[in-house]
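Enquirer: Next up is a structure, given as structure tokens.
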Amino acid sequence: MLWLLDHCGSDRAAASKLVMRPLDIAVSGLGPEGLAKLNPPLVRLTQDHVGLAGRAWRAYRAPTPQAWFGLLETDLRLLPKLEHCVVALLEELPNVTSGLGATEMRMLESIAPGGVQPYDVFPGYQKPNERRVFDYWEVGALLDGLARCPVPAVSGLEEGPFTLDMHDDALRHARYKQSRLSLTDLGKAILAGDEDFCRHNPLRRWWGGTLLANERLWRWDDERRLLVAP
């Protein structure tokens, strides 16, 4: 939505025709009739809406998370879900203690009892992991990162990597789904707060426009709600 509003903001005539209908529920499972019954209040967008969206979109694309973190000092009420989005994404930066983001930590917590299968730890409605920051393919890559690395935090993942090729191969995908996951000694130590995943494994992935790597690792301090520079 931020990208769309920023894009339309370059054309005032187009922006003046936009409206927003804020919702408190996910609509992906609703058909046209279900959507019609919701009838949420209509908000006509102004240049203030568009300006805030543009600022947020530029902050997300910036080469460091500083501008995104700075949004927390701004009044974000014009876009009701934006503050939650800002915090949720910051929580996905490597934590100052564990070296993992919030979704990865939820995965470890779900795997801790042992014997769970990969899709049991994927986020979803009424599932132990309810975080919905990443899409399907990104979540699969995160689980790969925990299990297919020099010093794994997760053991038992029988197939991978989590790619379209694996999904297109019925036998490989079946082996993946039937995997029984458990925590390694490192995974247990991370959950106990005694180890940092990034001390044992290389990290190189994108967070918005920021390239996270061991040598320039931006982190998130969840207790103090602070961004920690490399």
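Following the order of the structure tokens, first chain is A, next is B, and so on, with residues numbered from 1 inside each chain and ligands from 1 in the order they appear.
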Residues near Trp68 in chain A, anyone? I mean within 9 Å using only C-alpha atoms, not counting same-chain ones fewer than 4 positions away, as a PyMOL selection string.
Expert: chain A and resi 56-62+64+72+86+90
Enquirer: Kindly save the residues from that selection, with C-alpha atoms included, as an mmCIF file, in the first residue's frame.
Expert:
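Done, and the output landed in part-v6.cif:
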data_model
loop_
_atom_site.group_PDB
_atom_site.id
_atom_site.type_symbol
_atom_site.label_atom_id
_atom_site.label_comp_id
_atom_site.auth_asym_id
_atom_site.auth_seq_id
_atom_site.Cartn_x
_atom_site.Cartn_y
_atom_site.Cartn_z
ATOM 1 C CA ALA A 56 7.543 5.499 4.908
ATOM 2 C CA TRP A 57 8.221 3.861 1.539
ATOM 3 C CA ARG A 58 11.484 5.794 1.138
ATOM 4 C CA ALA A 59 12.469 4.860 4.692
ATOM 5 C CA TYR A 60 11.897 1.160 4.011
ATOM 6 C CA ARG A 61 14.029 1.329 0.854
ATOM 7 C CA ALA A 62 16.884 3.218 2.523
ATOM 8 C CA THR A 64 19.982 1.496 6.693
ATOM 9 C CA LEU A 72 8.223 5.902 15.487
ATOM 10 C CA VAL A 86 6.992 -0.369 11.636
ATOM 11 C CA LEU A 90 12.042 -3.794 13.323
#
Enquirer: Give me every strand (DSSP E or B) residue in range 24-219 of chain A, going by DSSP on the backbone, as a PyMOL selection string.
Expert: chain A and resi 43-44+95+116+154-155+181-183+204-207+210-213+216+219
Enquirer: How about saving the chosen residues, N, CA and C atoms kept, as a PDB file, in the first residue's frame?
Expert:
ATOM      1  N   VAL A  43     -12.539   6.328   3.893  1.00  0.00           N
ATOM      2  CA  VAL A  43     -11.687   7.487   4.170  1.00  0.00           C
ATOM      3  C   VAL A  43     -11.142   8.015   2.850  1.00  0.00           C
ATOM      4  N   ARG A  44     -11.455   9.278   2.556  1.00  0.00           N
ATOM      5  CA  ARG A  44     -10.904   9.884   1.338  1.00  0.00           C
ATOM      6  C   ARG A  44      -9.478  10.348   1.621  1.00  0.00           C
ATOM      7  N   ASN A  95      18.096  -9.863  16.697  1.00  0.00           N
ATOM      8  CA  ASN A  95      17.987  -9.390  18.074  1.00  0.00           C
ATOM      9  C   ASN A  95      19.378  -9.261  18.700  1.00  0.00           C
ATOM     10  N   VAL A 116       7.892 -31.908  15.508  1.00  0.00           N
ATOM     11  CA  VAL A 116       6.989 -31.125  14.658  1.00  0.00           C
ATOM     12  C   VAL A 116       7.488 -31.165  13.218  1.00  0.00           C
ATOM     13  N   VAL A 154      18.534 -25.892  13.987  1.00  0.00           N
ATOM     14  CA  VAL A 154      17.431 -26.846  13.785  1.00  0.00           C
ATOM     15  C   VAL A 154      17.980 -28.062  13.058  1.00  0.00           C
ATOM     16  N   SER A 155      17.587 -29.239  13.489  1.00  0.00           N
ATOM     17  CA  SER A 155      17.959 -30.476  12.801  1.00  0.00           C
ATOM     18  C   SER A 155      16.713 -31.199  12.315  1.00  0.00           C
ATOM     19  N   LEU A 181      11.314 -32.149  12.968  1.00  0.00           N
ATOM     20  CA  LEU A 181      12.289 -31.152  13.381  1.00  0.00           C
ATOM     21  C   LEU A 181      12.556 -31.191  14.880  1.00  0.00           C
ATOM     22  N   SER A 182      13.773 -30.845  15.231  1.00  0.00           N
ATOM     23  CA  SER A 182      14.143 -30.696  16.638  1.00  0.00           C
ATOM     24  C   SER A 182      15.238 -29.640  16.734  1.00  0.00           C
ATOM     25  N   LEU A 183      15.485 -29.161  17.926  1.00  0.00           N
ATOM     26  CA  LEU A 183      16.520 -28.154  18.136  1.00  0.00           C
ATOM     27  C   LEU A 183      17.865 -28.821  18.359  1.00  0.00           C
ATOM     28  N   ARG A 204      23.607 -13.068   5.418  1.00  0.00           N
ATOM     29  CA  ARG A 204      23.577 -12.151   4.275  1.00  0.00           C
ATOM     30  C   ARG A 204      22.173 -12.186   3.678  1.00  0.00           C
ATOM     31  N   ARG A 205      21.339 -11.238   4.041  1.00  0.00           N
ATOM     32  CA  ARG A 205      19.978 -11.152   3.513  1.00  0.00           C
ATOM     33  C   ARG A 205      19.514  -9.702   3.556  1.00  0.00           C
ATOM     34  N   TRP A 206      18.462  -9.442   2.817  1.00  0.00           N
ATOM     35  CA  TRP A 206      17.937  -8.086   2.717  1.00  0.00           C
ATOM     36  C   TRP A 206      16.824  -7.864   3.711  1.00  0.00           C
ATOM     37  N   TRP A 207      16.844  -6.707   4.320  1.00  0.00           N
ATOM     38  CA  TRP A 207      15.743  -6.206   5.157  1.00  0.00           C
ATOM     39  C   TRP A 207      15.368  -4.864   4.540  1.00  0.00           C
ATOM     40  N   THR A 210      18.143  -2.526   3.244  1.00  0.00           N
ATOM     41  CA  THR A 210      19.346  -2.743   4.038  1.00  0.00           C
ATOM     42  C   THR A 210      19.878  -4.154   3.819  1.00  0.00           C
ATOM     43  N   LEU A 211      21.139  -4.261   3.437  1.00  0.00           N
ATOM     44  CA  LEU A 211      21.777  -5.563   3.325  1.00  0.00           C
ATOM     45  C   LEU A 211      22.366  -5.923   4.686  1.00  0.00           C
ATOM     46  N   LEU A 212      21.791  -6.925   5.317  1.00  0.00           N
ATOM     47  CA  LEU A 212      22.291  -7.390   6.607  1.00  0.00           C
ATOM     48  C   LEU A 212      23.404  -8.405   6.382  1.00  0.00           C
ATOM     49  N   ALA A 213      24.545  -8.172   6.981  1.00  0.00           N
ATOM     50  CA  ALA A 213      25.684  -9.080   6.891  1.00  0.00           C
ATOM     51  C   ALA A 213      26.439  -9.014   8.205  1.00  0.00           C
ATOM     52  N   ARG A 216      28.333  -5.858   9.012  1.00  0.00           N
ATOM     53  CA  ARG A 216      27.573  -4.609   9.159  1.00  0.00           C
ATOM     54  C   ARG A 216      26.145  -4.952   9.610  1.00  0.00           C
ATOM     55  N   ARG A 219      20.946  -4.318  14.504  1.00  0.00           N
ATOM     56  CA  ARG A 219      20.217  -5.191  15.425  1.00  0.00           C
ATOM     57  C   ARG A 219      19.075  -4.431  16.102  1.00  0.00           C
TER      58      ARG A 219
END
Enquirer: Which residues are near Asp48 in chain A? Cut-off 12 Å, only C-alpha atoms, ignore same chain within fewer than 6 positions. Put them as a PyMOL selection string.
Expert: chain A and resi 5-6+9+12+15-16+54-55+75-79
Enquirer: The selected residues should be written to file as a PDB file, in the first residue's frame (atoms: C-alpha atoms).
Expert:
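New file out24.pdb:
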ATOM      1  CA  LEU A   5       0.218   5.564  -2.507  1.00  0.00           C
ATOM      2  CA  ASP A   6       3.706   6.900  -3.176  1.00  0.00           C
ATOM      3  CA  GLY A   9       1.234  10.715  -5.205  1.00  0.00           C
ATOM      4  CA  ARG A  12      -2.527  14.723  -7.816  1.00  0.00           C
ATOM      5  CA  ALA A  15      -4.483  10.637  -5.713  1.00  0.00           C
ATOM      6  CA  SER A  16      -7.648  12.705  -5.246  1.00  0.00           C
ATOM      7  CA  GLY A  54       5.861   8.253   0.537  1.00  0.00           C
ATOM      8  CA  ARG A  55       8.057   8.999   3.525  1.00  0.00           C
ATOM      9  CA  ASP A  75       2.351  10.754  14.221  1.00  0.00           C
ATOM     10  CA  LEU A  76       1.341   7.767  12.083  1.00  0.00           C
ATOM     11  CA  ARG A  77      -2.386   7.774  12.843  1.00  0.00           C
ATOM     12  CA  LEU A  78      -3.358   8.797   9.319  1.00  0.00           C
ATOM     13  CA  LEU A  79      -2.425   5.244   8.250  1.00  0.00           C
TER      14      LEU A  79
END
Enquirer: Find the residues around Ile111 in chain A up to 12 Å (only C-alpha atoms counted), leave out those fewer than 2 positions away in its own chain, and share them as a PyMOL selection string.
Expert: chain A and resi 104-109+113-122+128-129+143+146-147+153-157+179-184+187-188+191
Enquirer: Write the residues of the selection above to a file with N, CA and C atoms, as a JSON list (two decimals), in the first residue's frame.
Expert:
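Contents of out-v2.json, freshly written:
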[["chain", "number", "residue", "atom", "x", "y", "z"],
["A", 104, "GLU", "N", 11.92, -16.03, 13.32],
["A", 104, "GLU", "CA", 12.83, -17.15, 13.54],
["A", 104, "GLU", "C", 12.76, -17.66, 14.98],
["A", 105, "MET", "N", 12.65, -16.74, 15.94],
["A", 105, "MET", "CA", 12.54, -17.17, 17.34],
["A", 105, "MET", "C", 11.24, -17.92, 17.58],
["A", 106, "ARG", "N", 10.15, -17.48, 16.94],
["A", 106, "ARG", "CA", 8.87, -18.22, 17.08],
["A", 106, "ARG", "C", 9.03, -19.63, 16.52],
["A", 107, "MET", "N", 9.80, -19.75, 15.45],
["A", 107, "MET", "CA", 10.04, -21.08, 14.87],
["A", 107, "MET", "C", 10.76, -21.97, 15.88],
["A", 108, "LEU", "N", 11.81, -21.45, 16.50],
["A", 108, "LEU", "CA", 12.53, -22.25, 17.49],
["A", 108, "LEU", "C", 11.63, -22.64, 18.66],
["A", 109, "GLU", "N", 10.80, -21.71, 19.10],
["A", 109, "GLU", "CA", 9.89, -22.01, 20.21],
["A", 109, "GLU", "C", 8.91, -23.11, 19.82],
["A", 113, "PRO", "N", 9.44, -28.47, 21.49],
["A", 113, "PRO", "CA", 8.89, -29.73, 22.03],
["A", 113, "PRO", "C", 9.35, -30.96, 21.26],
["A", 114, "GLY", "N", 9.80, -30.78, 20.00],
["A", 114, "GLY", "CA", 10.28, -31.89, 19.19],
["A", 114, "GLY", "C", 9.19, -32.57, 18.39],
["A", 115, "GLY", "N", 9.60, -33.21, 17.29],
["A", 115, "GLY", "CA", 8.67, -34.00, 16.50],
["A", 115, "GLY", "C", 7.74, -33.22, 15.60],
["A", 116, "VAL", "N", 7.89, -31.91, 15.51],
["A", 116, "VAL", "CA", 6.99, -31.12, 14.66],
["A", 116, "VAL", "C", 7.49, -31.16, 13.22],
["A", 117, "GLN", "N", 6.59, -30.91, 12.30],
["A", 117, "GLN", "CA", 6.92, -30.91, 10.88],
["A", 117, "GLN", "C", 7.08, -29.47, 10.38],
["A", 118, "PRO", "N", 7.76, -29.27, 9.25],
["A", 118, "PRO", "CA", 8.07, -27.91, 8.79],
["A", 118, "PRO", "C", 6.87, -26.98, 8.73],
["A", 119, "TYR", "N", 5.78, -27.43, 8.13],
["A", 119, "TYR", "CA", 4.65, -26.52, 7.97],
["A", 119, "TYR", "C", 3.94, -26.22, 9.30],
["A", 120, "ASP", "N", 4.25, -26.99, 10.33],
["A", 120, "ASP", "CA", 3.71, -26.68, 11.65],
["A", 120, "ASP", "C", 4.27, -25.37, 12.20],
["A", 121, "VAL", "N", 5.46, -24.99, 11.75],
["A", 121, "VAL", "CA", 6.11, -23.80, 12.30],
["A", 121, "VAL", "C", 5.96, -22.59, 11.38],
["A", 122, "PHE", "N", 5.31, -22.78, 10.22],
["A", 122, "PHE", "CA", 5.02, -21.64, 9.36],
["A", 122, "PHE", "C", 3.95, -20.78, 10.02],
["A", 128, "PRO", "N", 0.57, -21.69, 16.23],
["A", 128, "PRO", "CA", 1.45, -21.17, 17.29],
["A", 128, "PRO", "C", 2.25, -19.95, 16.85],
["A", 129, "ASN", "N", 2.65, -19.93, 15.59],
["A", 129, "ASN", "CA", 3.39, -18.79, 15.05],
["A", 129, "ASN", "C", 2.41, -17.92, 14.26],
["A", 143, "LEU", "N", 13.52, -20.77, 7.48],
["A", 143, "LEU", "CA", 13.71, -22.09, 8.07],
["A", 143, "LEU", "C", 14.95, -22.77, 7.48],
["A", 146, "LEU", "N", 17.99, -21.55, 9.25],
["A", 146, "LEU", "CA", 18.20, -22.10, 10.59],
["A", 146, "LEU", "C", 18.73, -23.53, 10.55],
["A", 147, "ALA", "N", 18.41, -24.24, 9.47],
["A", 147, "ALA", "CA", 18.74, -25.67, 9.40],
["A", 147, "ALA", "C", 19.88, -25.99, 8.45],
["A", 153, "ALA", "N", 20.75, -24.43, 14.00],
["A", 153, "ALA", "CA", 19.95, -24.33, 15.21],
["A", 153, "ALA", "C", 18.81, -25.35, 15.19],
["A", 154, "VAL", "N", 18.53, -25.89, 13.99],
["A", 154, "VAL", "CA", 17.43, -26.85, 13.79],
["A", 154, "VAL", "C", 17.98, -28.06, 13.06],
["A", 155, "SER", "N", 17.59, -29.24, 13.49],
["A", 155, "SER", "CA", 17.96, -30.48, 12.80],
["A", 155, "SER", "C", 16.71, -31.20, 12.31],
["A", 156, "GLY", "N", 16.92, -32.12, 11.36],
["A", 156, "GLY", "CA", 15.82, -32.97, 10.90],
["A", 156, "GLY", "C", 15.17, -32.53, 9.61],
["A", 157, "LEU", "N", 15.58, -31.39, 9.04],
["A", 157, "LEU", "CA", 14.98, -30.94, 7.78],
["A", 157, "LEU", "C", 15.56, -31.78, 6.65],
["A", 179, "SER", "N", 9.44, -34.26, 7.25],
["A", 179, "SER", "CA", 10.58, -34.07, 8.15],
["A", 179, "SER", "C", 10.10, -33.88, 9.58],
["A", 180, "ARG", "N", 10.88, -34.38, 10.52],
["A", 180, "ARG", "CA", 10.59, -34.20, 11.94],
["A", 180, "ARG", "C", 11.69, -33.32, 12.53],
["A", 181, "LEU", "N", 11.31, -32.15, 12.97],
["A", 181, "LEU", "CA", 12.29, -31.15, 13.38],
["A", 181, "LEU", "C", 12.56, -31.19, 14.88],
["A", 182, "SER", "N", 13.77, -30.85, 15.23],
["A", 182, "SER", "CA", 14.14, -30.70, 16.64],
["A", 182, "SER", "C", 15.24, -29.64, 16.73],
["A", 183, "LEU", "N", 15.48, -29.16, 17.93],
["A", 183, "LEU", "CA", 16.52, -28.15, 18.14],
["A", 183, "LEU", "C", 17.87, -28.82, 18.36],
["A", 184, "THR", "N", 18.90, -28.21, 17.83],
["A", 184, "THR", "CA", 20.26, -28.63, 18.12],
["A", 184, "THR", "C", 20.68, -28.00, 19.46],
["A", 187, "GLY", "N", 20.45, -24.33, 19.01],
["A", 187, "GLY", "CA", 19.08, -23.85, 19.07],
["A", 187, "GLY", "C", 18.57, -23.75, 20.49],
["A", 188, "LYS", "N", 18.89, -24.76, 21.31],
["A", 188, "LYS", "CA", 18.47, -24.73, 22.71],
["A", 188, "LYS", "C", 19.14, -23.59, 23.46],
["A", 191, "LEU", "N", 17.50, -20.25, 22.57],
["A", 191, "LEU", "CA", 16.23, -20.07, 23.28],
["A", 191, "LEU", "C", 16.46, -19.74, 24.75]]
Enquirer: Write out as a PyMOL selection string each polymer residue whose atoms come within 12 Å of Pro161 in chain A, counting only C-alpha atoms; drop sequence neighbours fewer than 3 positions from it.
Expert: chain A and resi 137-149+157-158+164-167+172-173+176
Enquirer: Could you check the closest approach to Phe197 in chain A for each of A:Leu38, A:Pro94, A:Val87, A:Arg131 and tell me which residue wins, using only C-alpha atoms?
Expert: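 Going through A:Leu38, A:Pro94, A:Val87, A:Arg131 one by one, the smallest distance to Phe197 in chain A is for A:Pro94.
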Enquirer: Rounded to one decimal, what separation in Å do you get between CA of Glu215 in chain A and CA of Leu100 in chain A?
Expert: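 Interatomic distance here is 15.5 Å.
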Enquirer: For a test of reading the model, state the distance in Å between CA of His84 in chain A and CA of Thr46 in chain A, rounded to one decimal.
Expert: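 So the two atoms, CA of His84 in chain A and CA of Thr46 in chain A, lie 21.5 Å apart.
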Enquirer: Using backbone DSSP assignments, extract all helix (DSSP H, G or I) residues from range 118-201 of chain A; output them as a PyMOL selection string.
Expert: chain A and resi 118-120+136-147+164-168+170-178+185-191+197-199
Enquirer: Keeping only C-alpha atoms, write the selected residues as a short mmCIF file (atom, residue, chain, number, x, y, z; two decimals), in the first residue's frame.
Expert:
data_model
loop_
_atom_site.label_atom_id
_atom_site.label_comp_id
_atom_site.auth_asym_id
_atom_site.auth_seq_id
_atom_site.Cartn_x
_atom_site.Cartn_y
_atom_site.Cartn_z
CA PRO A 118 8.07 -27.91 8.79
CA TYR A 119 4.65 -26.52 7.97
CA ASP A 120 3.71 -26.68 11.65
CA TYR A 136 5.34 -18.18 2.17
CA TRP A 137 8.62 -18.27 0.25
CA GLU A 138 10.40 -15.97 2.67
CA VAL A 139 9.36 -18.09 5.65
CA GLY A 140 10.68 -21.20 3.90
CA ALA A 141 13.99 -19.44 3.33
CA LEU A 142 14.17 -18.47 7.01
CA LEU A 143 13.71 -22.09 8.07
CA ASP A 144 16.38 -23.11 5.56
CA GLY A 145 18.67 -20.54 7.15
CA LEU A 146 18.20 -22.10 10.59
CA ALA A 147 18.74 -25.67 9.40
CA LEU A 164 10.05 -23.89 -6.71
CA ASP A 165 12.13 -26.80 -8.01
CA MET A 166 11.62 -28.65 -4.72
CA HIS A 167 7.87 -27.99 -4.83
CA ASP A 168 7.66 -29.25 -8.41
CA ALA A 170 6.55 -34.52 -5.61
CA LEU A 171 8.96 -36.89 -3.86
CA ARG A 172 11.23 -34.13 -2.62
CA HIS A 173 8.30 -32.04 -1.42
CA ALA A 174 6.84 -35.07 0.38
CA ARG A 175 10.17 -35.68 2.14
CA TYR A 176 10.24 -32.03 3.16
CA LYS A 177 6.72 -32.12 4.60
CA GLN A 178 7.40 -35.37 6.49
CA ASP A 185 22.41 -27.68 21.10
CA LEU A 186 22.83 -24.23 19.51
CA GLY A 187 19.08 -23.85 19.07
CA LYS A 188 18.47 -24.73 22.71
CA ALA A 189 21.15 -22.31 23.85
CA ILE A 190 19.66 -19.52 21.73
CA LEU A 191 16.23 -20.07 23.28
CA PHE A 197 23.23 -17.37 16.05
CA CYS A 198 25.34 -14.83 14.16
CA ARG A 199 28.47 -15.72 16.11
#
Enquirer: Quick check, in Å to one decimal: how far apart do CA of Pro65 in chain A and CA of Leu82 in chain A lie?
Expert: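 Taking CA of Pro65 in chain A as the start and CA of Leu82 in chain A as the end point, the length is 15.5 Å.
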Enquirer: Taking only C-alpha atoms into account, which of A:Val133, A:Ile25, A:Pro152, A:Glu159 comes nearest Glu91 in chain A?
Expert: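 The shortest atom-to-atom distance to Glu91 in chain A comes from A:Val133.
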Enquirer: Between A:Ala53, A:Leu45, A:Leu226, A:Leu89, which one has atoms that come closest to Leu2 in chain A, using only C-alpha atoms?
Expert: A:Ala53
Enquirer: Counting only C-alpha atoms, figure out which residue out of A:Pro22, A:Val96, A:Ser110, A:Leu42 gets nearest to Asp194 in chain A.
Expert: A:Val96
